[in-house]
$ cat coords.pdb   # PDB, C-alpha atoms and all ligand atoms
MODEL        1
ATOM      1  CA  MET A  11     -71.483  -9.935  47.724  1.00  0.00           C
ATOM      2  CA  SER A  12     -74.238  -7.747  46.264  1.00  0.00           C
ATOM      3  CA  ALA A  13     -73.661  -5.059  48.918  1.00  0.00           C
ATOM      4  CA  ASN A  14     -70.223  -4.339  47.547  1.00  0.00           C
ATOM      5  CA  ARG A  15     -70.478  -4.175  43.782  1.00  0.00           C
ATOM      6  CA  ILE A  16     -67.303  -3.035  42.112  1.00  0.00           C
ATOM      7  CA  THR A  17     -65.778  -2.169  38.737  1.00  0.00           C
ATOM      8  CA  ILE A  18     -63.682  -4.908  37.128  1.00  0.00           C
ATOM      9  CA  ALA A  19     -61.251  -3.985  34.336  1.00  0.00           C
ATOM     10  CA  VAL A  20     -60.164  -6.700  31.888  1.00  0.00           C
ATOM     11  CA  ASP A  21     -57.420  -5.673  29.442  1.00  0.00           C
ATOM     12  CA  GLY A  22     -54.995  -7.495  27.187  1.00  0.00           C
ATOM     13  CA  TYR A  23     -53.910  -8.294  23.663  1.00  0.00           C
ATOM     14  CA  SER A  24     -56.297  -9.267  20.848  1.00  0.00           C
ATOM     15  CA  SER A  25     -57.996 -12.661  21.104  1.00  0.00           C
ATOM     16  CA  CYS A  26     -56.708 -13.486  24.582  1.00  0.00           C
ATOM     17  CA  GLY A  27     -60.152 -14.467  25.824  1.00  0.00           C
ATOM     18  CA  LYS A  28     -61.013 -11.109  27.379  1.00  0.00           C
ATOM     19  CA  SER A  29     -64.632 -11.094  26.285  1.00  0.00           C
ATOM     20  CA  THR A  30     -65.128 -14.760  27.263  1.00  0.00           C
ATOM     21  CA  LEU A  31     -63.830 -13.973  30.734  1.00  0.00           C
ATOM     22  CA  ALA A  32     -65.599 -10.624  31.121  1.00  0.00           C
ATOM     23  CA  ARG A  33     -68.922 -12.074  30.023  1.00  0.00           C
ATOM     24  CA  ALA A  34     -68.573 -15.065  32.383  1.00  0.00           C
ATOM     25  CA  LEU A  35     -67.583 -12.855  35.321  1.00  0.00           C
ATOM     26  CA  ALA A  36     -70.546 -10.567  34.677  1.00  0.00           C
ATOM     27  CA  GLN A  37     -72.880 -13.549  34.544  1.00  0.00           C
ATOM     28  CA  ALA A  38     -71.473 -15.153  37.699  1.00  0.00           C
ATOM     29  CA  LEU A  39     -71.649 -11.902  39.675  1.00  0.00           C
ATOM     30  CA  ASP A  40     -74.817 -10.563  38.059  1.00  0.00           C
ATOM     31  CA  TYR A  41     -72.870  -7.515  36.831  1.00  0.00           C
ATOM     32  CA  LEU A  42     -73.240  -5.432  33.682  1.00  0.00           C
ATOM     33  CA  TYR A  43     -70.824  -6.398  30.881  1.00  0.00           C
ATOM     34  CA  ILE A  44     -69.462  -3.696  28.549  1.00  0.00           C
ATOM     35  CA  ASP A  45     -67.525  -4.809  25.466  1.00  0.00           C
ATOM     36  CA  THR A  46     -65.551  -1.650  24.668  1.00  0.00           C
ATOM     37  CA  GLY A  47     -63.903  -3.228  21.603  1.00  0.00           C
ATOM     38  CA  ALA A  48     -67.372  -3.559  20.060  1.00  0.00           C
ATOM     39  CA  MET A  49     -67.709   0.218  20.300  1.00  0.00           C
ATOM     40  CA  TYR A  50     -64.499   0.849  18.316  1.00  0.00           C
ATOM     41  CA  ARG A  51     -65.644  -1.827  15.865  1.00  0.00           C
ATOM     42  CA  ALA A  52     -69.003  -0.073  15.402  1.00  0.00           C
ATOM     43  CA  VAL A  53     -67.254   3.240  14.631  1.00  0.00           C
ATOM     44  CA  THR A  54     -65.086   1.362  12.131  1.00  0.00           C
ATOM     45  CA  LEU A  55     -68.078  -0.238  10.419  1.00  0.00           C
ATOM     46  CA  TYR A  56     -69.805   3.128  10.092  1.00  0.00           C
ATOM     47  CA  THR A  57     -66.621   4.702   8.656  1.00  0.00           C
ATOM     48  CA  LEU A  58     -66.278   1.946   6.058  1.00  0.00           C
ATOM     49  CA  GLU A  59     -69.955   2.173   5.131  1.00  0.00           C
ATOM     50  CA  GLN A  60     -69.595   5.916   4.567  1.00  0.00           C
ATOM     51  CA  GLY A  61     -66.632   5.292   2.241  1.00  0.00           C
ATOM     52  CA  ILE A  62     -64.292   7.253   4.534  1.00  0.00           C
ATOM     53  CA  ASP A  63     -60.588   6.389   4.762  1.00  0.00           C
ATOM     54  CA  PRO A  64     -59.944   5.054   8.325  1.00  0.00           C
ATOM     55  CA  HIS A  65     -56.565   6.846   8.277  1.00  0.00           C
ATOM     56  CA  ASP A  66     -58.161  10.262   7.659  1.00  0.00           C
ATOM     57  CA  TRP A  67     -58.462  11.441  11.268  1.00  0.00           C
ATOM     58  CA  ASN A  68     -60.445  14.617  10.487  1.00  0.00           C
ATOM     59  CA  ALA A  69     -62.934  12.848   8.231  1.00  0.00           C
ATOM     60  CA  VAL A  70     -63.512  10.079  10.796  1.00  0.00           C
ATOM     61  CA  ALA A  71     -63.889  12.637  13.603  1.00  0.00           C
ATOM     62  CA  SER A  72     -66.520  14.484  11.563  1.00  0.00           C
ATOM     63  CA  LEU A  73     -68.653  11.312  11.511  1.00  0.00           C
ATOM     64  CA  LEU A  74     -68.806  11.015  15.300  1.00  0.00           C
ATOM     65  CA  PRO A  75     -71.915  13.187  15.857  1.00  0.00           C
ATOM     66  CA  SER A  76     -73.854  10.824  13.551  1.00  0.00           C
ATOM     67  CA  ILE A  77     -72.844   7.691  15.457  1.00  0.00           C
ATOM     68  CA  ARG A  78     -74.901   6.333  18.321  1.00  0.00           C
ATOM     69  CA  ILE A  79     -73.757   3.109  19.929  1.00  0.00           C
ATOM     70  CA  ARG A  80     -75.666   1.209  22.557  1.00  0.00           C
ATOM     71  CA  PHE A  81     -76.051  -2.323  23.833  1.00  0.00           C
ATOM     72  CA  GLU A  82     -79.199  -4.403  24.040  1.00  0.00           C
ATOM     73  CA  SER A  83     -79.322  -7.336  26.423  1.00  0.00           C
ATOM     74  CA  ALA A  84     -79.951 -10.757  24.913  1.00  0.00           C
ATOM     75  CA  ALA A  85     -79.721 -14.372  26.083  1.00  0.00           C
ATOM     76  CA  GLY A  86     -76.231 -14.943  24.634  1.00  0.00           C
ATOM     77  CA  GLY A  87     -74.870 -11.639  25.973  1.00  0.00           C
ATOM     78  CA  PRO A  88     -75.207  -7.998  24.965  1.00  0.00           C
ATOM     79  CA  ILE A  89     -75.876  -7.116  21.313  1.00  0.00           C
ATOM     80  CA  THR A  90     -74.205  -4.039  19.803  1.00  0.00           C
ATOM     81  CA  LEU A  91     -76.471  -1.499  18.128  1.00  0.00           C
ATOM     82  CA  LEU A  92     -75.148   1.107  15.722  1.00  0.00           C
ATOM     83  CA  ASN A  93     -77.764   3.812  15.171  1.00  0.00           C
ATOM     84  CA  ASP A  94     -80.418   1.297  16.294  1.00  0.00           C
ATOM     85  CA  ARG A  95     -79.210  -1.386  13.843  1.00  0.00           C
ATOM     86  CA  ARG A  96     -78.025  -4.743  15.231  1.00  0.00           C
ATOM     87  CA  VAL A  97     -74.410  -5.098  14.096  1.00  0.00           C
ATOM     88  CA  GLU A  98     -73.113  -7.614  16.644  1.00  0.00           C
ATOM     89  CA  ASP A  99     -72.149 -10.204  14.019  1.00  0.00           C
ATOM     90  CA  ARG A 100     -71.209  -7.772  11.250  1.00  0.00           C
ATOM     91  CA  ILE A 101     -68.574  -5.969  13.377  1.00  0.00           C
ATOM     92  CA  ARG A 102     -66.638  -9.265  13.778  1.00  0.00           C
ATOM     93  CA  ASN A 103     -65.940  -9.525  10.021  1.00  0.00           C
ATOM     94  CA  MET A 104     -62.389  -9.219   8.748  1.00  0.00           C
ATOM     95  CA  ASP A 105     -62.943  -5.875   6.977  1.00  0.00           C
ATOM     96  CA  VAL A 106     -63.721  -4.355  10.376  1.00  0.00           C
ATOM     97  CA  SER A 107     -60.916  -6.281  12.151  1.00  0.00           C
ATOM     98  CA  ARG A 108     -58.446  -5.001   9.570  1.00  0.00           C
ATOM     99  CA  ASN A 109     -59.393  -1.350  10.063  1.00  0.00           C
ATOM    100  CA  VAL A 110     -60.341  -1.084  13.725  1.00  0.00           C
ATOM    101  CA  SER A 111     -56.868  -0.441  15.163  1.00  0.00           C
ATOM    102  CA  PRO A 112     -56.172   2.598  12.932  1.00  0.00           C
ATOM    103  CA  ILE A 113     -59.595   3.985  13.924  1.00  0.00           C
ATOM    104  CA  ALA A 114     -58.808   3.367  17.617  1.00  0.00           C
ATOM    105  CA  THR A 115     -55.654   5.511  17.356  1.00  0.00           C
ATOM    106  CA  ILE A 116     -57.741   8.641  16.636  1.00  0.00           C
ATOM    107  CA  PRO A 117     -57.897  10.818  19.794  1.00  0.00           C
ATOM    108  CA  ALA A 118     -61.349  12.260  18.980  1.00  0.00           C
ATOM    109  CA  VAL A 119     -62.746   8.723  18.641  1.00  0.00           C
ATOM    110  CA  ARG A 120     -61.151   7.649  21.920  1.00  0.00           C
ATOM    111  CA  ARG A 121     -62.468  10.729  23.740  1.00  0.00           C
ATOM    112  CA  LYS A 122     -66.022   9.969  22.672  1.00  0.00           C
ATOM    113  CA  MET A 123     -65.795   6.239  23.456  1.00  0.00           C
ATOM    114  CA  VAL A 124     -64.156   6.763  26.864  1.00  0.00           C
ATOM    115  CA  GLU A 125     -66.776   9.346  27.844  1.00  0.00           C
ATOM    116  CA  GLN A 126     -69.562   6.914  26.977  1.00  0.00           C
ATOM    117  CA  GLN A 127     -67.798   4.002  28.706  1.00  0.00           C
ATOM    118  CA  ARG A 128     -67.424   6.014  31.922  1.00  0.00           C
ATOM    119  CA  GLU A 129     -71.088   6.949  31.759  1.00  0.00           C
ATOM    120  CA  MET A 130     -72.222   3.337  31.197  1.00  0.00           C
ATOM    121  CA  GLY A 131     -69.746   2.040  33.765  1.00  0.00           C
ATOM    122  CA  ARG A 132     -71.034   4.279  36.560  1.00  0.00           C
ATOM    123  CA  ALA A 133     -73.552   1.581  37.512  1.00  0.00           C
ATOM    124  CA  ALA A 134     -72.555  -0.468  40.547  1.00  0.00           C
ATOM    125  CA  GLY A 135     -71.207  -3.837  39.452  1.00  0.00           C
ATOM    126  CA  VAL A 136     -69.695  -3.677  36.008  1.00  0.00           C
ATOM    127  CA  VAL A 137     -67.095  -5.620  34.010  1.00  0.00           C
ATOM    128  CA  LEU A 138     -65.462  -3.850  31.077  1.00  0.00           C
ATOM    129  CA  ASP A 139     -63.036  -5.409  28.648  1.00  0.00           C
ATOM    130  CA  GLY A 140     -60.693  -3.547  26.321  1.00  0.00           C
ATOM    131  CA  ARG A 141     -57.172  -2.174  26.063  1.00  0.00           C
ATOM    132  CA  ASP A 142     -57.179   0.912  28.292  1.00  0.00           C
ATOM    133  CA  ILE A 143     -59.775   0.144  30.948  1.00  0.00           C
ATOM    134  CA  GLY A 144     -57.348  -0.213  33.870  1.00  0.00           C
ATOM    135  CA  THR A 145     -55.039   2.586  32.684  1.00  0.00           C
ATOM    136  CA  VAL A 146     -57.419   5.267  31.379  1.00  0.00           C
ATOM    137  CA  VAL A 147     -61.144   4.537  31.551  1.00  0.00           C
ATOM    138  CA  PHE A 148     -61.301   3.325  35.177  1.00  0.00           C
ATOM    139  CA  PRO A 149     -57.803   3.753  36.650  1.00  0.00           C
ATOM    140  CA  ASN A 150     -59.259   3.323  40.155  1.00  0.00           C
ATOM    141  CA  ALA A 151     -61.003   0.010  39.419  1.00  0.00           C
ATOM    142  CA  PRO A 152     -60.528  -2.232  42.491  1.00  0.00           C
ATOM    143  CA  VAL A 153     -59.861  -5.284  40.308  1.00  0.00           C
ATOM    144  CA  LYS A 154     -57.724  -5.103  37.165  1.00  0.00           C
ATOM    145  CA  LEU A 155     -56.909  -8.203  35.164  1.00  0.00           C
ATOM    146  CA  PHE A 156     -54.460  -8.253  32.267  1.00  0.00           C
ATOM    147  CA  LEU A 157     -54.775 -11.320  30.051  1.00  0.00           C
ATOM    148  CA  THR A 158     -52.157 -12.875  27.866  1.00  0.00           C
ATOM    149  CA  ALA A 159     -51.787 -16.163  25.961  1.00  0.00           C
ATOM    150  CA  ASP A 160     -49.399 -17.716  23.434  1.00  0.00           C
ATOM    151  CA  LEU A 161     -49.863 -16.410  19.915  1.00  0.00           C
ATOM    152  CA  GLU A 162     -50.579 -19.812  18.328  1.00  0.00           C
ATOM    153  CA  GLU A 163     -53.225 -20.560  20.942  1.00  0.00           C
ATOM    154  CA  ARG A 164     -54.826 -17.178  20.256  1.00  0.00           C
ATOM    155  CA  VAL A 165     -54.843 -17.837  16.496  1.00  0.00           C
ATOM    156  CA  CYS A 166     -56.508 -21.230  17.057  1.00  0.00           C
ATOM    157  CA  ARG A 167     -59.166 -19.819  19.339  1.00  0.00           C
ATOM    158  CA  ARG A 168     -59.949 -16.951  16.980  1.00  0.00           C
ATOM    159  CA  GLN A 169     -60.196 -19.278  13.992  1.00  0.00           C
ATOM    160  CA  LYS A 170     -62.555 -21.588  15.868  1.00  0.00           C
ATOM    161  CA  GLN A 171     -64.703 -18.645  16.930  1.00  0.00           C
ATOM    162  CA  LEU A 172     -64.891 -17.308  13.359  1.00  0.00           C
ATOM    163  CA  GLU A 173     -65.664 -20.779  11.981  1.00  0.00           C
ATOM    164  CA  GLU A 174     -68.497 -21.144  14.470  1.00  0.00           C
ATOM    165  CA  SER A 175     -70.123 -18.055  12.985  1.00  0.00           C
ATOM    166  CA  GLY A 176     -69.580 -19.334   9.440  1.00  0.00           C
ATOM    167  CA  LYS A 177     -66.484 -17.265   8.623  1.00  0.00           C
ATOM    168  CA  GLU A 178     -63.646 -19.167   6.944  1.00  0.00           C
ATOM    169  CA  ILE A 179     -60.414 -17.216   7.447  1.00  0.00           C
ATOM    170  CA  THR A 180     -56.946 -18.765   7.146  1.00  0.00           C
ATOM    171  CA  ALA A 181     -54.704 -19.066  10.208  1.00  0.00           C
ATOM    172  CA  LEU A 182     -52.124 -16.988   8.329  1.00  0.00           C
ATOM    173  CA  GLU A 183     -54.519 -14.090   7.880  1.00  0.00           C
ATOM    174  CA  ILE A 184     -55.687 -14.266  11.494  1.00  0.00           C
ATOM    175  CA  ARG A 185     -52.089 -14.345  12.784  1.00  0.00           C
ATOM    176  CA  ARG A 186     -51.203 -11.332  10.635  1.00  0.00           C
ATOM    177  CA  ASN A 187     -54.257  -9.419  11.860  1.00  0.00           C
ATOM    178  CA  LEU A 188     -53.600 -10.180  15.555  1.00  0.00           C
ATOM    179  CA  LEU A 189     -49.953  -9.154  15.310  1.00  0.00           C
ATOM    180  CA  GLU A 190     -50.782  -5.984  13.429  1.00  0.00           C
ATOM    181  CA  ARG A 191     -53.496  -4.976  15.893  1.00  0.00           C
ATOM    182  CA  ASP A 192     -51.281  -5.719  18.906  1.00  0.00           C
ATOM    183  CA  TYR A 193     -48.538  -3.585  17.363  1.00  0.00           C
ATOM    184  CA  ILE A 194     -50.802  -0.630  16.527  1.00  0.00           C
ATOM    185  CA  ASP A 195     -52.700  -0.867  19.832  1.00  0.00           C
ATOM    186  CA  SER A 196     -49.542  -0.908  21.958  1.00  0.00           C
ATOM    187  CA  THR A 197     -47.593   1.766  20.054  1.00  0.00           C
ATOM    188  CA  ARG A 198     -50.267   4.426  19.478  1.00  0.00           C
ATOM    189  CA  SER A 199     -49.650   7.718  21.273  1.00  0.00           C
ATOM    190  CA  ASP A 200     -53.125   8.091  22.816  1.00  0.00           C
ATOM    191  CA  SER A 201     -53.750   5.530  25.589  1.00  0.00           C
ATOM    192  CA  PRO A 202     -51.619   2.663  24.270  1.00  0.00           C
ATOM    193  CA  LEU A 203     -52.312  -0.887  25.416  1.00  0.00           C
ATOM    194  CA  ARG A 204     -50.333  -1.339  28.643  1.00  0.00           C
ATOM    195  CA  LYS A 205     -50.653  -3.464  31.723  1.00  0.00           C
ATOM    196  CA  ALA A 206     -51.600  -1.118  34.574  1.00  0.00           C
ATOM    197  CA  HIS A 207     -48.964  -1.345  37.339  1.00  0.00           C
ATOM    198  CA  ASP A 208     -51.577  -2.745  39.713  1.00  0.00           C
ATOM    199  CA  ALA A 209     -53.197  -5.180  37.259  1.00  0.00           C
ATOM    200  CA  ILE A 210     -52.894  -8.919  37.845  1.00  0.00           C
ATOM    201  CA  LEU A 211     -51.306 -10.709  34.897  1.00  0.00           C
ATOM    202  CA  ILE A 212     -53.083 -13.900  33.847  1.00  0.00           C
ATOM    203  CA  ASP A 213     -51.584 -16.176  31.215  1.00  0.00           C
ATOM    204  CA  ASN A 214     -54.491 -18.342  30.138  1.00  0.00           C
ATOM    205  CA  THR A 215     -52.665 -20.394  27.467  1.00  0.00           C
ATOM    206  CA  ASN A 216     -53.247 -23.593  29.429  1.00  0.00           C
ATOM    207  CA  LEU A 217     -56.462 -22.672  31.191  1.00  0.00           C
ATOM    208  CA  THR A 218     -59.947 -23.635  30.066  1.00  0.00           C
ATOM    209  CA  PRO A 219     -62.552 -20.849  30.229  1.00  0.00           C
ATOM    210  CA  ILE A 220     -63.963 -22.487  33.377  1.00  0.00           C
ATOM    211  CA  GLU A 221     -60.557 -22.646  35.053  1.00  0.00           C
ATOM    212  CA  GLN A 222     -59.854 -19.047  34.090  1.00  0.00           C
ATOM    213  CA  LEU A 223     -63.188 -17.957  35.525  1.00  0.00           C
ATOM    214  CA  ALA A 224     -62.479 -19.762  38.810  1.00  0.00           C
ATOM    215  CA  VAL A 225     -59.060 -18.086  39.147  1.00  0.00           C
ATOM    216  CA  CYS A 226     -60.535 -14.651  38.458  1.00  0.00           C
ATOM    217  CA  LEU A 227     -63.585 -15.097  40.669  1.00  0.00           C
ATOM    218  CA  ALA A 228     -61.248 -15.965  43.541  1.00  0.00           C
ATOM    219  CA  ILE A 229     -59.335 -12.723  42.878  1.00  0.00           C
ATOM    220  CA  VAL A 230     -62.550 -10.698  42.790  1.00  0.00           C
ATOM    221  CA  LYS A 231     -63.934 -12.308  45.946  1.00  0.00           C
ATOM    222  CA  ALA A 232     -60.704 -11.571  47.812  1.00  0.00           C
ATOM    223  CA  ARG A 233     -61.136  -7.877  46.984  1.00  0.00           C
ATOM    224  CA  ILE A 234     -64.786  -7.350  47.899  1.00  0.00           C
TER     225      ILE A 234
HETATM  226  O1  LIG B 301     -61.513  -6.267  21.822  1.00  0.00           O
HETATM  227  P1  LIG B 301     -61.580  -6.207  20.298  1.00  0.00           P
HETATM  228  O2  LIG B 301     -60.579  -7.108  19.627  1.00  0.00           O
HETATM  229  O3  LIG B 301     -62.949  -6.378  19.770  1.00  0.00           O
HETATM  230  O4  LIG B 301     -61.136  -4.694  19.981  1.00  0.00           O
HETATM  231  C1  LIG B 301     -61.036  -4.226  18.671  1.00  0.00           C
HETATM  232  C2  LIG B 301     -60.037  -3.096  18.584  1.00  0.00           C
HETATM  233  O5  LIG B 301     -60.525  -1.940  19.270  1.00  0.00           O
HETATM  234  C3  LIG B 301     -58.656  -3.367  19.166  1.00  0.00           C
HETATM  235  O6  LIG B 301     -57.767  -3.897  18.209  1.00  0.00           O
HETATM  236  C4  LIG B 301     -58.199  -2.023  19.660  1.00  0.00           C
HETATM  237  C5  LIG B 301     -59.460  -1.245  19.903  1.00  0.00           C
HETATM  238  N1  LIG B 301     -59.778  -1.071  21.310  1.00  0.00           N
HETATM  239  C6  LIG B 301     -59.185  -0.021  21.971  1.00  0.00           C
HETATM  240  O7  LIG B 301     -58.341   0.660  21.403  1.00  0.00           O
HETATM  241  N2  LIG B 301     -59.534   0.246  23.253  1.00  0.00           N
HETATM  242  C7  LIG B 301     -60.429  -0.499  23.892  1.00  0.00           C
HETATM  243  N3  LIG B 301     -60.764  -0.190  25.150  1.00  0.00           N
HETATM  244  C8  LIG B 301     -61.031  -1.596  23.243  1.00  0.00           C
HETATM  245  C9  LIG B 301     -60.670  -1.873  21.947  1.00  0.00           C
ENDMDL
END
$ encode --input "coords.pdb" --output "structure tokens"
Amino acid sequence: MSANRITIAVDGYSSCGKSTLARALAQALDYLYIDTGAMYRAVTLYTLEQGIDPHDWNAVASLLPSIRIRFESAAGGPITLLNDRRVEDRIRNMDVSRNVSPIATIPAVRRKMVEQQREMGRAAGVVLDGRDIGTVVFPNAPVKLFLTADLEERVCRRQKQLEESGKEITALEIRRNLLERDYIDSTRSDSPLRKAHDAILIDNTNLTPIEQLAVCLAIVKARI
């Protein structure tokens, strides 16, 4: 399998288990995992810290030269670094979740993130998860997966995940945030969230992470 290392694109709505799947695939195949959502979250955190309005496209764009995002490998998966500061946990907070979709609509932000993602993804054997990987970042990826799951299941999973890191957020607030992000992400004019025509749709509502991994590994193995 190592002779034929490919690019795997994992896209889908918010909290559909994309990062769980992408991380597990990368581990099983010994591939590099790139969490592209973390990059938009890091830009959002920096914008908020600078006191800039996330809806002010020009002001946000002017911050970009001062933002350096990279990933550091760690036992539990890659850690996001914003200007050399570990922000992996901080970027999952609700203030960032609330503002990340408006930031991700800004074309200058997308241009910079996509350029960096293509650069990082040039390595042989990489799994990227996001919203536009199969449509824009790597439209020629040999394997494209598009995840979906029932909204209530997504809310439950997200709440559990937040609770595990000590964040108590109501189901109502999580539901509102997921719906709002899905709406903004799929209606923005620059690279909206879409299933690529050649992506395989996976509804994981009734699949455990292990079952989902097995289904997807079988797809990957059939293609390489
Ligand atoms: O995957 P995530 O929930 O951490 O992503 C956070 C936000 O970043 C998401 O609501 C939309 C944006 N995003 C994007 O526009 N394009 C990507 N490739 C990844 C994320």
$ residues_around --input "coords.pdb" --residues "stretch 58-64 of chain A" --least-positions-apart "5" --cutoff "8 Å" --atoms "all atoms listed in the file" --output "PyMOL selection string"
chain A and resi 69-70+109+112-113
$ resolve_selection --input "coords.pdb" --expression "the PyMOL selection byres (((chain A and resi 222) around 10) and not hetatm)" --output "number ranges by chain"
A: 27, 30-31, 34-35, 212-221, 223-227
$ resolve_selection --input "coords.pdb" --expression "the PyMOL selection byres (((chain A and resi 77) around 9) and not hetatm)" --output "list in words"
Ala52, Val53, Tyr56, Leu73, Leu74, Pro75, Ser76, Arg78, Ile79, Leu92 and Asn93 of chain A
$ residues_near_ligand --input "coords.pdb" --ligand "ligand LIG 301 (chain B)" --cutoff "6 Å" --atoms "all atoms listed in the file" --output "JSON, numbers by chain"
{"A": [24, 46, 47, 48, 50, 51, 110, 111, 114, 140, 141, 142, 143, 191, 195]}
$ closest_residue --input "coords.pdb" --among "A:Glu125, A:Ala134, A:Arg33, A:Asp208" --to "A:Gly86" --atoms "all atoms listed in the file"
A:Arg33
$ resolve_selection --input "coords.pdb" --expression "the PyMOL selection byres (((chain A and resi 154) around 7) and not hetatm)" --output "list of chain:residue names"
A:Ile18, A:Ala19, A:Val20, A:Gly144, A:Ala151, A:Pro152, A:Val153, A:Leu155, A:Phe156, A:Ala209, A:Ile210
$ atom_distance --input "coords.pdb" --atom1 "atom CA of A:Val137" --atom2 "atom CA of A:Arg204"
18.1 Å
$ closest_residue --input "coords.pdb" --among "A:Cys26, A:Ile16, A:Ala118, A:Met104" --to "A:Ala71" --atoms "all atoms listed in the file"
A:Ala118
$ atom_distance --input "coords.pdb" --atom1 "atom CA of A:Ile229" --atom2 "atom CA of A:Gly131"
20.2 Å
$ closest_residue --input "coords.pdb" --among "A:Ser175, A:Arg121, A:Asp139, A:Cys166" --to "A:Ser201" --atoms "all atoms listed in the file"
A:Arg121
$ residues_around --input "coords.pdb" --residues "A:Arg185" --least-positions-apart "3" --cutoff "10 Å" --atoms "only C-alpha atoms" --output "list in words"
Leu161, Glu162, Arg164, Val165, Cys166, Arg168, Gln169, Thr180, Ala181, Leu182, Leu188, Leu189, Glu190 and Arg191 of chain A
$ closest_residue --input "coords.pdb" --among "A:Asp40, A:Gln126, A:Thr54, A:Arg80" --to "A:Val106" --atoms "only C-alpha atoms"
A:Thr54
